[in-house]
Every structure is written in C-alpha cells, then in structure tokens.
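K.L.:
Take this structure first; my questions come after.
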Amino acid sequence: MTGPAGLAASFRAAATGLQLAWRTQPHLRFEAFAATVAVAVAVWLQTGLVAVLLASAIVLVAEMVNTAVEATVDLISPERRPLAAAAKDAAAGAVLVASAFAVAIGVAALGPALWGRLVGGGAP
C-alpha cells in the first residue's frame, strides 16, 4: 500500500508495536522511567538535554530491537538451540552496551552541573 493510506497503516503498526513492547517488557518501562528522570534532571540543570535525549533514545530503540529479535527467534526456533541463544544474547548485549554508554553520557553531561547544584559553587 502506498500514499497516505499506506503511511497511516505504517504508523498504526508502529503504534501497535510500541504498545505491545510497553505492556510486555518490564525492562522497557524501567528504561523509559530512567530516561524520564534523566531528562527532568537535564531540564532542571539547564544542561546536557540533547545528549541525554539521544542516549535515552538509543537505549529505548535497542530494547525494542531486542524485543523483536527475541520474538522472531522464539517463532523460528521454539526449542533451545545454540544459535538461537546466541542471537538473543547478542541483542541483549546491545542493550547492555547502549545502557552503559547512556550512563557514561549522563554522568559526563550532567555530573559537573549536578555536583555544582548539590554541593554549591562550581558549575551552575
């Protein structure tokens, strides 16, 4: 399907995927909560907002891709197989790497200003 109707159908499918992931993936909900807190802190400190938004988006996208990989692997290979486990583990590892870098970015972008606010003096 092409044109506006196809575009609308694509957006509906994407919204359905978001809803499904939100309902079934507790890690996605935790990561969204952590992103919300980080964005709120960036807004409060008036610094690092773009870095925090990008890092948060990458983590959330990685989690949704991980969810898609897990569902696909479960569909194709319902029994335990080493290659199926490798695919799932690699996808989960991608979320871990994205999360670790998001924390590092958050500390680098927000840490000095947060320290200044909490301790007084120093960074605004």
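How things are named: the first chain in the structure tokens is A, the next is B, and so on; residues count from 1 in each chain; ligands count from 1 in the order shown.
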Got a sec: who's within 12 Å of Lys88 in chain A, counting only C-alpha atoms, leaving out chain neighbours fewer than 2 positions off, as a ChimeraX atom specification?
P.N.:
/A:63,65-74,77,80-86,90-95
K.L.:
Store the residues picked out above, limited to C-alpha atoms, as a PDB file, in the first residue's frame.
P.N.:
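Output file part01.pdb is given in full below:
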ATOM      1  CA  GLU A  63      15.450  -2.532  23.843  1.00  0.00           C
ATOM      2  CA  VAL A  65      15.078  -4.259  18.673  1.00  0.00           C
ATOM      3  CA  ASN A  66      15.986  -6.790  21.376  1.00  0.00           C
ATOM      4  CA  THR A  67      12.284  -7.487  21.872  1.00  0.00           C
ATOM      5  CA  ALA A  68      11.823  -8.001  18.125  1.00  0.00           C
ATOM      6  CA  VAL A  69      14.843 -10.330  17.927  1.00  0.00           C
ATOM      7  CA  GLU A  70      13.592 -12.391  20.876  1.00  0.00           C
ATOM      8  CA  ALA A  71      10.104 -12.713  19.378  1.00  0.00           C
ATOM      9  CA  THR A  72      11.489 -13.674  15.976  1.00  0.00           C
ATOM     10  CA  VAL A  73      13.875 -16.250  17.432  1.00  0.00           C
ATOM     11  CA  ASP A  74      11.091 -17.750  19.569  1.00  0.00           C
ATOM     12  CA  SER A  77      13.131 -21.815  16.939  1.00  0.00           C
ATOM     13  CA  ARG A  80      16.547 -24.260  22.678  1.00  0.00           C
ATOM     14  CA  ARG A  81      19.371 -24.099  20.166  1.00  0.00           C
ATOM     15  CA  PRO A  82      22.842 -22.592  20.490  1.00  0.00           C
ATOM     16  CA  LEU A  83      22.398 -20.226  17.530  1.00  0.00           C
ATOM     17  CA  ALA A  84      19.031 -19.049  18.819  1.00  0.00           C
ATOM     18  CA  ALA A  85      20.578 -18.352  22.208  1.00  0.00           C
ATOM     19  CA  ALA A  86      23.482 -16.540  20.549  1.00  0.00           C
ATOM     20  CA  ALA A  90      23.811 -10.615  21.274  1.00  0.00           C
ATOM     21  CA  ALA A  91      20.643  -8.497  21.162  1.00  0.00           C
ATOM     22  CA  ALA A  92      20.581  -8.302  24.953  1.00  0.00           C
ATOM     23  CA  GLY A  93      24.263  -7.389  24.895  1.00  0.00           C
ATOM     24  CA  ALA A  94      23.474  -4.492  22.567  1.00  0.00           C
ATOM     25  CA  VAL A  95      21.034  -3.152  25.149  1.00  0.00           C
TER      26      VAL A  95
END
K.L.:
What lies within 9 Å of Glu31 in chain A using only C-alpha atoms, ignoring chain neighbours under 3 positions off, as a PDB file with C-alpha atoms, in the first residue's frame?
P.N.:
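Generated file (selection17.pdb):
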ATOM      1  CA  PRO A  26       9.352  -4.529  32.106  1.00  0.00           C
ATOM      2  CA  HIS A  27      12.883  -3.502  31.144  1.00  0.00           C
ATOM      3  CA  LEU A  28      11.490  -1.067  28.569  1.00  0.00           C
ATOM      4  CA  ALA A  34      15.174   6.243  33.905  1.00  0.00           C
ATOM      5  CA  ALA A  35      15.133   8.328  30.711  1.00  0.00           C
ATOM      6  CA  THR A  36      12.340  10.495  32.118  1.00  0.00           C
ATOM      7  CA  SER A  56      17.945   7.633  26.077  1.00  0.00           C
ATOM      8  CA  VAL A  59      18.680   2.637  24.779  1.00  0.00           C
ATOM      9  CA  LEU A  60      14.939   2.519  24.089  1.00  0.00           C
ATOM     10  CA  GLU A  63      15.450  -2.532  23.843  1.00  0.00           C
ATOM     11  CA  SER A  99      22.769   1.411  28.605  1.00  0.00           C
TER      12      SER A  99
END
K.L.:
Using only C-alpha atoms, which of A:Pro4, A:Gly116, A:Gly48, A:Ala55 sits nearest Ala32 in chain A?
P.N.:
A:Ala55
K.L.:
Choose the residue, out of A:Gly120, A:Gly6, A:Gly106, A:Pro78, that has the smallest atom-to-atom separation from Thr47 in chain A; count only C-alpha atoms.
P.N.:
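The closest residue to Thr47 in chain A is A:Gly106.
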K.L.:
For Ala102 in chain A, which of A:Trp44, A:Ala38, A:Asp89, A:Val119 is the closest residue, counting only C-alpha atoms?
P.N.:
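Of the candidates, the smallest distance to Ala102 in chain A is held by A:Ala38.
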K.L.:
Just give me the gap between CA of Ala57 in chain A and CA of Leu118 in chain A in Å, one decimal is fine.
P.N.:
27.0 Å
K.L.:
In Å to one decimal, how far is CA of Val39 in chain A from CA of Val52 in chain A?
P.N.:
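According to the coordinates, CA of Val52 in chain A and CA of Val39 in chain A are separated by 6.3 Å.
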K.L.:
In terms of the shortest atom-to-atom distance over only C-alpha atoms, which of A:Val97, A:Val41, A:Ala104, A:Ser10 is closest to Arg117 in chain A?
P.N.:
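Nearest candidate to Arg117 in chain A out of A:Val97, A:Val41, A:Ala104, A:Ser10: A:Val41.
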K.L.:
Interatomic distance between CA of Ile105 in chain A and CA of Ala51 in chain A?
P.N.:
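Atom-to-atom, CA of Ile105 in chain A and CA of Ala51 in chain A are spaced 6.9 Å apart.
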K.L.:
Please identify all polymer residues within 12 Å of Gln19 in chain A, counting only C-alpha atoms, omitting same-chain residues fewer than 5 positions from it, and present them as a list in words.
P.N.:
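Close residues of Gln19 in chain A: Arg12, Ala13, Ala14, Thr24, Gln25, Leu28, Arg29 and Met64 of chain A.
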